[in-house]
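S.K.: Have a look at the structure that comes next, please.
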Amino acid sequence: MVEDRADGGGDLSIGGQAFTTYGRPSKKFPEGRICGETDCGTMLSIYNESEFCYQHDAGSAPRLRGRKSA
């Protein structure tokens with residue numbers, strides 16, 4: 001929406017709405033979980049869905065669009 005500004009300068013301003021939400025909330029997992037690797041005492045984040053910490057997680061291959069991975 002474009003409207004004349006009230007200051008009489010003839011400038012145009014653009015109206016809008018502020019963000020009040022950022023979509024759905026992040027998934028959360030139970031607090032106090034420990035890495036499943038033997039002898040690793042790393043406490044996992046409530047946002048980490050894996051049972052392992054970053055150092056011990058097997059990871060996954062990225063999704064490649066338009067290509068078949070070997």
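Numbering starts fresh at 1 for the residues of each chain in the structure tokens, the chains themselves are lettered A, B, ... in the order given, and ligands are numbered from 1 as they appear.
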Can you list, as a JSON list (two decimals) with N, CA and C atoms, in the first residue's frame, every protein, DNA or RNA residue that comes within 10 Å of Glu37 (chain A) when you count only C-alpha atoms, leaving out same-chain residues fewer than 5 positions away?
M.R.:
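Result saved to part_3.json:
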```
[["chain", "number", "residue", "atom", "x", "y", "z"],
["A", 42, "THR", "N", 28.54, -36.28, 26.80],
["A", 42, "THR", "CA", 28.01, -35.04, 26.26],
["A", 42, "THR", "C", 26.49, -34.98, 26.43],
["A", 51, "GLU", "N", 20.25, -39.62, 18.89],
["A", 51, "GLU", "CA", 20.63, -40.15, 20.20],
["A", 51, "GLU", "C", 22.13, -39.98, 20.45],
["A", 52, "PHE", "N", 22.83, -39.37, 19.48],
["A", 52, "PHE", "CA", 24.27, -39.15, 19.60],
["A", 52, "PHE", "C", 24.59, -37.66, 19.48],
["A", 53, "CYS", "N", 25.74, -37.25, 20.04],
["A", 53, "CYS", "CA", 26.21, -35.88, 19.90],
["A", 53, "CYS", "C", 26.78, -35.71, 18.48],
["A", 55, "GLN", "N", 29.78, -35.24, 17.43],
["A", 55, "GLN", "CA", 31.02, -35.98, 17.19],
["A", 55, "GLN", "C", 30.77, -37.46, 16.87],
["A", 56, "HIS", "N", 29.70, -38.03, 17.42],
["A", 56, "HIS", "CA", 29.45, -39.45, 17.26],
["A", 56, "HIS", "C", 28.28, -39.78, 16.34],
["A", 57, "ASP", "N", 27.59, -38.79, 15.83],
["A", 57, "ASP", "CA", 26.47, -39.03, 14.93],
["A", 57, "ASP", "C", 27.01, -39.41, 13.56]]
```
S.K.: Just the number, please: distance in Å from CA of Lys27 (chain A) to CA of Arg65 (chain A), one decimal.
M.R.: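 Taking CA of Lys27 (chain A) and CA of Arg65 (chain A), their separation equals 25.3 Å.
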S.K.: List the neighbours of Ser60 (chain A) out to 12 Å using only C-alpha atoms; skip same-chain residues closer than 4 positions along the sequence, and give me the result as a list in words.
M.R.: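 My list of contacting residues is Ser50, Tyr54 and Leu64 of chain A.
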S.K.: Print the selection's residues with N, CA and C atoms to a file, as an mmCIF file, in the first residue's frame.
M.R.:
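Below is the file result_17.cif, written as the result:
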```
data_model
loop_
_atom_site.group_PDB
_atom_site.id
_atom_site.type_symbol
_atom_site.label_atom_id
_atom_site.label_comp_id
_atom_site.auth_asym_id
_atom_site.auth_seq_id
_atom_site.Cartn_x
_atom_site.Cartn_y
_atom_site.Cartn_z
ATOM 1 N N SER A 50 18.765 -36.654 17.400
ATOM 2 C CA SER A 50 19.601 -37.848 17.368
ATOM 3 C C SER A 50 19.868 -38.362 18.780
ATOM 4 N N TYR A 54 27.160 -34.495 18.122
ATOM 5 C CA TYR A 54 27.662 -34.219 16.783
ATOM 6 C C TYR A 54 28.896 -35.056 16.455
ATOM 7 N N LEU A 64 20.518 -33.991 -2.931
ATOM 8 C CA LEU A 64 20.969 -33.341 -4.148
ATOM 9 C C LEU A 64 19.809 -33.286 -5.115
#
```
S.K.: Provide the CA of Ala18 (chain A) to CA of Ile46 (chain A) distance in Å, to one decimal place.
M.R.: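 Interatomic distance, CA of Ala18 (chain A) to CA of Ile46 (chain A): 29.1 Å.
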S.K.: Hey, what's within 9 Å of Ser45 (chain A) if we count only C-alpha atoms and toss same-chain stuff fewer than 5 positions away? As a list in words, please?
M.R.: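 So the residues in contact are Lys28, Phe29, Pro30, Glu31, Gly32, Arg33 and Cys53 of chain A.
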S.K.: Could you save those same residues with N, CA and C atoms as a compact mmCIF listing (two decimals), in the first residue's frame?
M.R.:
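Writing the result to again_34.txt gives the following:
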```
# COMPACT_ATOMS: atom_id res chain seq x y z
N LYS A 28 11.05 -30.04 19.93
CA LYS A 28 11.86 -30.16 21.14
C LYS A 28 11.84 -31.61 21.60
N PHE A 29 12.94 -32.04 22.17
CA PHE A 29 13.09 -33.39 22.67
C PHE A 29 13.40 -33.33 24.16
N PRO A 30 13.28 -34.45 24.88
CA PRO A 30 13.43 -34.42 26.33
C PRO A 30 14.77 -33.84 26.80
N GLU A 31 14.73 -33.14 27.92
CA GLU A 31 15.94 -32.58 28.53
C GLU A 31 16.72 -33.68 29.24
N GLY A 32 18.02 -33.45 29.42
CA GLY A 32 18.85 -34.34 30.22
C GLY A 32 19.33 -35.58 29.50
N ARG A 33 19.18 -35.64 28.17
CA ARG A 33 19.66 -36.81 27.43
C ARG A 33 21.16 -36.75 27.27
N CYS A 53 25.74 -37.25 20.04
CA CYS A 53 26.21 -35.88 19.90
C CYS A 53 26.78 -35.71 18.48
```
S.K.: Expressed in Å to a single decimal, how great is the separation between CA of Gly36 (chain A) and CA of Glu49 (chain A)?
M.R.: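 Going from CA of Gly36 (chain A) over to CA of Glu49 (chain A) covers 12.3 Å.
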